[in-house]
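Shown here: final.cif, mmCIF, C-alpha atoms and all ligand atoms.
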```cif
data_run
loop_
_atom_site.label_atom_id
_atom_site.label_comp_id
_atom_site.auth_asym_id
_atom_site.auth_seq_id
_atom_site.Cartn_x
_atom_site.Cartn_y
_atom_site.Cartn_z
CA MET V 1 91.75 -38.83 23.13
CA ILE V 2 89.16 -39.37 25.87
CA ASN V 3 90.55 -38.57 29.32
CA ARG V 4 90.90 -41.82 31.24
CA ARG V 5 89.58 -41.82 34.81
CA LYS V 6 92.33 -41.46 37.38
CA VAL V 7 92.34 -44.15 40.08
CA LEU V 8 94.25 -44.15 43.38
CA LEU V 9 94.82 -47.76 44.48
CA THR V 10 96.59 -48.67 47.73
CA GLY V 11 98.47 -51.93 48.26
CA GLY V 12 98.92 -52.64 44.55
CA SER V 13 102.31 -54.34 44.99
CA ARG V 14 100.95 -57.83 45.63
CA GLY V 15 97.97 -60.00 46.46
CA ILE V 16 94.47 -58.69 45.78
CA GLY V 17 95.79 -55.17 45.05
CA LYS V 18 98.06 -56.46 42.29
CA ALA V 19 95.11 -58.32 40.74
CA ILE V 20 93.04 -55.10 40.90
CA TYR V 21 95.86 -53.21 39.17
CA GLU V 22 96.05 -55.83 36.42
CA GLU V 23 92.27 -55.82 35.94
CA LEU V 24 92.06 -52.01 35.66
CA HIS V 25 95.19 -50.68 34.04
CA ASN V 26 94.08 -51.08 30.40
CA ASP V 27 90.98 -48.94 30.95
CA PHE V 28 91.95 -46.56 33.76
CA ASP V 29 94.92 -44.41 34.69
CA VAL V 30 95.85 -46.37 37.83
CA ILE V 31 98.24 -44.76 40.33
CA SER V 32 99.41 -47.28 42.91
CA PRO V 33 102.03 -45.71 45.15
CA SER V 34 104.64 -47.86 46.85
CA ARG V 35 104.84 -47.84 50.63
CA LYS V 36 107.88 -45.53 50.25
CA GLU V 37 105.76 -42.97 48.38
CA LEU V 38 102.68 -43.32 50.60
CA ASP V 39 103.16 -45.00 53.98
CA LEU V 40 99.70 -45.53 55.39
CA SER V 41 101.08 -46.00 58.90
CA SER V 42 102.10 -42.32 58.94
CA LEU V 43 99.72 -39.35 58.91
CA LYS V 44 102.67 -37.17 57.83
CA SER V 45 103.31 -39.38 54.81
CA ILE V 46 99.63 -39.19 53.83
CA GLU V 47 99.63 -35.39 54.18
CA SER V 48 102.77 -35.00 52.12
CA TYR V 49 101.58 -37.42 49.37
CA PHE V 50 98.50 -35.30 48.69
CA LYS V 51 100.60 -32.13 48.36
CA ASP V 52 101.86 -33.51 45.02
CA HIS V 53 99.06 -35.88 43.98
CA ASN V 54 95.40 -35.06 43.56
CA ASN V 55 92.39 -35.04 41.21
CA PHE V 56 91.58 -38.72 41.66
CA ASP V 57 88.22 -39.73 40.15
CA ILE V 58 88.21 -43.11 41.90
CA LEU V 59 89.72 -44.35 45.17
CA ILE V 60 90.30 -47.99 46.07
CA ASN V 61 91.32 -48.51 49.70
CA ASN V 62 92.80 -52.01 49.44
CA ALA V 63 96.00 -52.07 51.56
CA GLY V 64 95.60 -53.69 54.93
CA ILE V 65 97.38 -55.67 57.62
CA ASN V 66 96.23 -58.47 59.90
CA ILE V 67 97.37 -59.05 63.48
CA ILE V 68 96.13 -62.37 64.89
CA LYS V 69 96.40 -62.43 68.71
CA ASP V 70 94.41 -63.45 71.74
CA ILE V 71 93.15 -60.58 73.89
CA GLU V 72 95.89 -60.85 76.54
CA SER V 73 98.69 -60.66 73.96
CA ILE V 74 97.55 -57.49 72.20
CA LEU V 75 100.08 -54.65 72.61
CA ASP V 76 99.29 -50.93 72.51
CA ASN V 77 101.39 -50.69 69.33
CA ASP V 78 99.26 -53.39 67.67
CA ILE V 79 96.11 -51.37 68.41
CA GLN V 80 97.75 -48.24 67.04
CA ASP V 81 99.19 -49.87 63.89
CA ILE V 82 96.16 -51.80 62.71
CA ASN V 83 93.71 -48.98 63.36
CA GLN V 84 95.99 -46.50 61.61
CA ILE V 85 96.56 -48.64 58.48
CA ASN V 86 93.17 -50.34 58.10
CA LEU V 87 90.77 -47.68 59.36
CA ILE V 88 92.27 -44.19 59.79
CA ALA V 89 94.34 -44.16 56.57
CA PRO V 90 91.34 -45.07 54.35
CA LEU V 91 89.35 -42.27 56.02
CA LYS V 92 92.17 -39.75 55.46
CA LEU V 93 92.48 -40.83 51.80
CA ILE V 94 88.74 -40.34 51.31
CA GLN V 95 89.00 -36.88 52.94
CA ASN V 96 91.75 -35.93 50.51
CA CYS V 97 89.93 -37.25 47.42
CA VAL V 98 86.33 -36.07 47.85
CA GLN V 99 86.69 -32.41 46.91
CA HIS V 100 87.67 -33.24 43.31
CA MET V 101 84.85 -35.80 43.11
CA LYS V 102 82.37 -33.24 44.46
CA ASN V 103 83.56 -30.65 41.91
CA ASN V 104 82.88 -33.18 39.11
CA LYS V 105 79.62 -34.35 40.65
CA GLN V 106 80.83 -37.93 40.28
CA GLY V 107 83.14 -40.31 42.06
CA LYS V 108 83.57 -43.91 43.11
CA ILE V 109 85.13 -45.31 46.26
CA VAL V 110 85.67 -48.98 47.10
CA ASN V 111 86.85 -50.07 50.54
CA ILE V 112 88.22 -53.60 50.92
CA SER V 113 86.88 -55.09 54.14
CA SER V 114 86.75 -58.85 54.83
CA ILE V 115 84.43 -61.67 55.85
CA TRP V 116 85.85 -60.90 59.32
CA GLY V 117 84.07 -57.54 58.95
CA ILE V 118 80.65 -59.17 58.94
CA ARG V 119 81.26 -62.08 61.32
CA SER V 120 84.33 -62.93 63.38
CA LYS V 121 86.56 -65.58 64.80
CA GLU V 122 88.83 -66.11 67.82
CA LYS V 123 92.02 -63.97 67.87
CA ARG V 124 90.59 -61.64 65.21
CA THR V 125 89.61 -58.83 67.63
CA LEU V 126 91.97 -56.24 66.15
CA TYR V 127 91.30 -57.15 62.53
CA SER V 128 87.52 -57.27 63.02
CA VAL V 129 87.46 -53.90 64.80
CA THR V 130 88.92 -52.37 61.65
CA LYS V 131 87.04 -54.42 59.08
CA PHE V 132 83.63 -53.88 60.76
CA GLY V 133 84.68 -50.22 61.13
CA ILE V 134 85.37 -49.66 57.46
CA ILE V 135 81.89 -50.94 56.65
CA GLY V 136 80.54 -48.32 59.06
CA GLN V 137 82.53 -45.62 57.22
CA THR V 138 81.19 -46.90 53.91
CA LYS V 139 77.56 -46.77 55.03
CA ALA V 140 77.80 -43.35 56.70
CA LEU V 141 79.60 -41.82 53.73
CA SER V 142 77.17 -43.26 51.19
CA ARG V 143 74.48 -41.18 52.90
CA GLU V 144 76.63 -38.06 53.08
CA LEU V 145 78.14 -38.18 49.58
CA GLY V 146 75.17 -39.44 47.61
CA GLU V 147 73.93 -35.93 46.75
CA ASP V 148 77.23 -35.35 44.94
CA ASN V 149 76.84 -38.59 42.97
CA ILE V 150 79.76 -40.21 44.80
CA LEU V 151 79.13 -43.95 45.17
CA ILE V 152 80.97 -45.83 47.93
CA ASN V 153 80.85 -49.57 48.61
CA ALA V 154 82.71 -52.20 50.61
CA ILE V 155 83.87 -55.57 49.33
CA CYS V 156 84.38 -58.44 51.76
CA PRO V 157 86.66 -61.11 50.31
CA GLY V 158 86.67 -64.55 51.88
CA PHE V 159 89.72 -66.81 51.84
CA THR V 160 91.67 -65.64 48.80
CA ALA V 161 94.59 -67.45 47.22
CA THR V 162 97.23 -64.75 47.60
CA ASP V 163 100.89 -65.72 48.11
CA LEU V 164 100.57 -64.78 51.77
CA THR V 165 97.47 -66.95 52.34
CA MET V 166 99.05 -69.93 50.59
CA GLU V 167 102.32 -69.57 52.50
CA SER V 168 100.62 -69.19 55.88
CA LEU V 169 98.41 -72.30 55.59
CA SER V 170 99.57 -75.91 55.82
CA LYS V 171 98.19 -78.41 53.28
CA ASP V 172 95.89 -79.84 55.97
CA GLU V 173 94.58 -76.40 57.01
CA LEU V 174 93.96 -75.52 53.37
CA GLN V 175 91.99 -78.73 52.77
CA LYS V 176 89.90 -78.11 55.90
CA ILE V 177 89.04 -74.57 54.85
CA GLU V 178 88.20 -75.63 51.30
CA ALA V 179 85.86 -78.32 52.64
CA GLU V 180 83.93 -75.66 54.60
CA ILE V 181 83.45 -73.39 51.58
CA PRO V 182 80.35 -74.28 49.52
CA LEU V 183 82.31 -73.75 46.26
CA LYS V 184 85.08 -76.01 47.68
CA ARG V 185 87.97 -73.71 46.79
CA LEU V 186 89.60 -70.39 47.70
CA ALA V 187 88.88 -67.26 45.67
CA ASN V 188 91.30 -66.30 42.95
CA PRO V 189 92.43 -62.65 43.50
CA SER V 190 91.13 -61.82 40.00
CA GLU V 191 87.61 -62.78 41.15
CA ILE V 192 87.77 -60.00 43.75
CA ALA V 193 89.31 -57.60 41.22
CA LYS V 194 86.49 -58.10 38.67
CA SER V 195 83.88 -57.00 41.23
CA VAL V 196 85.95 -53.92 42.09
CA LYS V 197 86.05 -53.11 38.37
CA PHE V 198 82.28 -53.38 38.09
CA LEU V 199 81.67 -51.17 41.14
CA ILE V 200 83.89 -48.37 39.79
CA SER V 201 82.63 -48.65 36.20
CA ASP V 202 79.93 -46.58 34.51
CA ASP V 203 77.77 -49.72 34.64
CA ASN V 204 77.41 -49.11 38.36
CA SER V 205 75.25 -46.02 38.60
CA TYR V 206 72.98 -46.99 41.54
CA ILE V 207 74.79 -49.31 43.96
CA THR V 208 76.09 -47.39 46.97
CA GLY V 209 76.47 -48.00 50.71
CA GLN V 210 76.56 -51.76 50.17
CA THR V 211 78.70 -54.60 51.46
CA ILE V 212 79.45 -57.14 48.73
CA VAL V 213 80.62 -60.48 50.13
CA ILE V 214 82.75 -62.61 47.78
CA ASP V 215 83.45 -65.78 49.75
CA GLY V 216 82.24 -68.79 47.73
CA GLY V 217 79.27 -69.00 50.10
CA TYR V 218 81.38 -69.40 53.28
CA THR V 219 79.31 -67.00 55.42
CA SER V 220 75.95 -68.08 54.05
N1 LIG K 1 94.06 -62.41 51.23
C1 LIG K 1 92.89 -62.68 51.78
O1 LIG K 1 92.51 -63.86 51.93
C2 LIG K 1 91.99 -61.56 52.24
C3 LIG K 1 90.71 -61.89 52.68
C4 LIG K 1 89.85 -60.86 53.09
C5 LIG K 1 90.25 -59.55 53.04
N2 LIG K 1 91.52 -59.24 52.60
C6 LIG K 1 91.87 -57.81 52.57
O2 LIG K 1 92.25 -57.49 51.24
C7 LIG K 1 93.25 -56.47 51.24
C8 LIG K 1 94.47 -56.96 50.49
O3 LIG K 1 94.90 -58.17 51.11
P1 LIG K 1 96.08 -59.07 50.53
O4 LIG K 1 95.96 -60.41 51.16
O5 LIG K 1 96.13 -58.95 49.06
O6 LIG K 1 97.32 -58.32 51.21
P2 LIG K 1 98.90 -58.59 51.12
O7 LIG K 1 99.22 -59.58 50.05
O8 LIG K 1 99.35 -58.84 52.51
O9 LIG K 1 99.38 -57.14 50.63
C9 LIG K 1 99.14 -56.03 51.47
C10 LIG K 1 99.35 -54.78 50.65
O10 LIG K 1 99.16 -53.66 51.54
C11 LIG K 1 100.33 -52.85 51.50
N3 LIG K 1 100.59 -52.23 52.79
C12 LIG K 1 100.64 -52.82 54.01
N4 LIG K 1 100.98 -51.92 54.95
C13 LIG K 1 101.16 -50.73 54.30
C14 LIG K 1 101.54 -49.42 54.70
N5 LIG K 1 101.85 -49.12 55.97
N6 LIG K 1 101.61 -48.45 53.77
C15 LIG K 1 101.34 -48.71 52.47
N7 LIG K 1 101.01 -49.93 52.01
C16 LIG K 1 100.91 -50.92 52.92
C17 LIG K 1 101.46 -53.82 51.13
O11 LIG K 1 102.56 -53.09 50.63
P3 LIG K 1 104.09 -53.68 50.71
O12 LIG K 1 104.24 -54.53 49.46
O13 LIG K 1 104.94 -52.48 50.74
O14 LIG K 1 104.19 -54.49 51.97
C18 LIG K 1 100.76 -54.69 50.10
O15 LIG K 1 100.73 -54.05 48.84
C19 LIG K 1 93.52 -56.16 52.73
O16 LIG K 1 92.77 -55.05 53.13
C20 LIG K 1 93.05 -57.43 53.43
O17 LIG K 1 92.66 -57.16 54.76
C21 LIG K 1 92.38 -60.22 52.20
#
```
Take the structure in this file and express it as structure tokens.
Amino acid sequence: MINRRKVLLTGGSRGIGKAIYEELHNDFDVISPSRKELDLSSLKSIESYFKDHNNFDILINNAGINIIKDIESILDNDIQDINQINLIAPLKLIQNCVQHMKNNKQGKIVNISSIWGIRSKEKRTLYSVTKFGIIGQTKALSRELGEDNILINAICPGFTATDLTMESLSKDELQKIEAEIPLKRLANPSEIAKSVKFLISDDNSYITGQTIVIDGGYTS
């Protein structure tokens, strides 16, 4: 039997991460730890997870949180939490995964950013700091890891029809957003997952350091 590539996927319990899991699990050995097994808000939890789990061929940093607040309302804890989960944890996961990829002279990393990582919007200061930041990590690391044939890219989903998105928008808000999107609808999570699958597949042998925007034309 051919050894299936081993994928570490964060945030696979719901939303876009669940769609990524469903898209990949027939072809890859996908490990998607629960928050109990790997709590990204804790450096200790990250350190202890990698004591027992390693040799990942592919890493997908998908888990993330959003805190929507105006500048005066932002608390120190908000700054700490969102930077830890959205920016520092992905960096620590990459640090823990690269040695195995370097040994094999191949690896793939996908970071999930957002349209709010290429442009922004009021009350999105915290979220945009992290989502612009993860694109910076992606670009810097593509230069550093390229000589070991490790390809790293960022995907920026637009409005995506996850349970959370649908629950947090009123019917009127949803209609307004859809009207502003050239394709006149939200993304289905599987449409994000298919692009992740392409980027980590053998078919992608030359795309690295890029930011792929999947937003139905919203930012165009
Ligand atoms: N939905 C959109 O419209 C949209 C648009 C652009 C970008 N994105 C980005 O896409 C990614 C996925 O978004 P989503 O909407 O699918 O998210 P979601 O439905 O809110 O799910 C978030 C996932 O992250 C996990 N997570 C959160 N905090 C964690 C922690 N401290 N430790 C471990 N896991 C944690 C959650 O685990 P639990 O189940 O344990 O809570 C869950 O699996 C995020 O990076 C988000 O910023 C989403």
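For the set V:Asn104, V:Thr165, V:Asn26, V:Ser128, the residue with the smallest atom-to-atom gap to ligand LIG 1 (chain K) is V:Thr165, counting all atoms listed in the file.
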Practice task
May I have the residues within 9 Å of ligand LIG 1 (chain K), computed using only C-alpha atoms and all ligand atoms, as a PyMOL selection string?
Solution key: chain V and resi 10-19+33-42+61-66+81+84-86+89+111-117+127+131+155-165+186-187+189+215
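In terms of minimum interatomic distance to Asp57 (chain V), V:Ser201 ranks closest within V:Thr130, V:Asn77, V:Ser201, V:Thr208, counting all atoms listed in the file.
Across the model, the gap from CA of Phe132 (chain V) to CA of Arg119 (chain V) is 8.6 Å.
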Could you give me the axis-aligned bounding box of region 115-133 of chain V, with 5 Å of padding per side, as centre plus edge lengths in Å to one decimal, as AutoDock Vina command-line options?
```
--center_x 86.3 --center_y -58.2 --center_z 61.9 --size_x 21.4 --size_y 25.9 --size_z 22.0
```
Exercise for the section: Using all atoms listed in the file, pick whichever of V:Arg4, V:Lys121, V:Lys171, V:Lys102 has the shortest atom-to-atom distance to Asp27 (chain V). Expected result: V:Arg4
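One distance worth recording is that between CA of Asp78 (chain V) and CA of Ile94 (chain V), which is 23.4 Å.
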Fill in the blank from the handout: Students should find that CA of Ser195 (chain V) and CA of Met101 (chain V) are spaced 21.3 Å
Handout entry: Nearest candidate to Ala179 (chain V) (options V:Val30, V:Gly217, V:Leu151, V:Gln106; using all atoms listed in the file)
Key = V:Gly217
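Proximity to Val98 (chain V) was assessed for V:Ile74, V:Leu8, V:Ile67, V:Leu145 counting only C-alpha atoms; the smallest distance is recorded for V:Leu145.
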Complete region 155-166 of chain V at the level of all heavy atoms, written as a compact mmCIF listing (two decimals), in the frame of the given file.
```txt
# COMPACT_ATOMS: atom_id res chain seq x y z
N ILE V 155 83.81 -54.17 49.79
CA ILE V 155 83.87 -55.57 49.33
C ILE V 155 84.49 -56.40 50.45
O ILE V 155 85.50 -55.99 51.05
CB ILE V 155 84.70 -55.68 48.03
CG1 ILE V 155 83.85 -55.17 46.86
CG2 ILE V 155 85.17 -57.11 47.78
CD1 ILE V 155 84.45 -55.38 45.49
N CYS V 156 83.88 -57.53 50.73
CA CYS V 156 84.38 -58.44 51.76
C CYS V 156 84.86 -59.74 51.12
O CYS V 156 84.05 -60.65 50.87
CB CYS V 156 83.28 -58.77 52.75
SG CYS V 156 82.69 -57.37 53.67
N PRO V 157 86.17 -59.84 50.85
CA PRO V 157 86.66 -61.11 50.31
C PRO V 157 86.67 -62.18 51.41
O PRO V 157 86.89 -61.88 52.59
CB PRO V 157 88.10 -60.80 49.88
CG PRO V 157 88.23 -59.31 49.90
CD PRO V 157 87.24 -58.83 50.92
N GLY V 158 86.44 -63.41 50.99
CA GLY V 158 86.67 -64.55 51.88
C GLY V 158 88.11 -65.00 51.72
O GLY V 158 88.98 -64.21 51.35
N PHE V 159 88.36 -66.28 51.98
CA PHE V 159 89.72 -66.81 51.84
C PHE V 159 90.15 -66.68 50.38
O PHE V 159 89.52 -67.24 49.49
CB PHE V 159 89.77 -68.28 52.27
CG PHE V 159 89.48 -68.47 53.73
CD1 PHE V 159 88.19 -68.80 54.16
CD2 PHE V 159 90.48 -68.32 54.68
CE1 PHE V 159 87.92 -68.97 55.51
CE2 PHE V 159 90.22 -68.49 56.03
CZ PHE V 159 88.92 -68.82 56.45
N THR V 160 91.22 -65.94 50.16
CA THR V 160 91.67 -65.64 48.80
C THR V 160 93.08 -66.17 48.61
O THR V 160 93.95 -66.00 49.48
CB THR V 160 91.61 -64.11 48.55
OG1 THR V 160 90.28 -63.67 48.86
CG2 THR V 160 91.92 -63.76 47.12
N ALA V 161 93.30 -66.78 47.46
CA ALA V 161 94.59 -67.45 47.22
C ALA V 161 95.69 -66.46 46.84
O ALA V 161 96.17 -66.43 45.72
CB ALA V 161 94.42 -68.49 46.13
N THR V 162 96.07 -65.62 47.80
CA THR V 162 97.23 -64.75 47.60
C THR V 162 98.46 -65.54 48.07
O THR V 162 98.34 -66.55 48.78
CB THR V 162 97.10 -63.46 48.44
OG1 THR V 162 96.96 -63.85 49.81
CG2 THR V 162 95.89 -62.66 48.03
N ASP V 163 99.64 -65.04 47.69
CA ASP V 163 100.89 -65.72 48.11
C ASP V 163 100.91 -65.88 49.63
O ASP V 163 101.24 -66.93 50.16
CB ASP V 163 102.12 -64.91 47.68
CG ASP V 163 102.26 -64.93 46.17
OD1 ASP V 163 101.59 -65.76 45.53
OD2 ASP V 163 103.03 -64.10 45.64
N LEU V 164 100.51 -64.78 50.30
CA LEU V 164 100.57 -64.78 51.77
C LEU V 164 99.65 -65.84 52.37
O LEU V 164 100.04 -66.59 53.27
CB LEU V 164 100.15 -63.39 52.26
CG LEU V 164 100.76 -62.97 53.59
CD1 LEU V 164 102.23 -62.62 53.38
CD2 LEU V 164 100.03 -61.76 54.15
N THR V 165 98.43 -65.94 51.84
CA THR V 165 97.47 -66.95 52.34
C THR V 165 98.05 -68.35 52.12
O THR V 165 98.03 -69.19 53.02
CB THR V 165 96.12 -66.83 51.60
OG1 THR V 165 95.67 -65.49 51.69
CG2 THR V 165 95.07 -67.74 52.19
N MET V 166 98.56 -68.59 50.91
CA MET V 166 99.05 -69.93 50.59
C MET V 166 100.26 -70.31 51.44
O MET V 166 100.38 -71.44 51.89
CB MET V 166 99.42 -70.03 49.09
CG MET V 166 98.27 -69.75 48.14
SD MET V 166 96.71 -70.55 48.57
CE MET V 166 96.91 -72.11 47.78
```
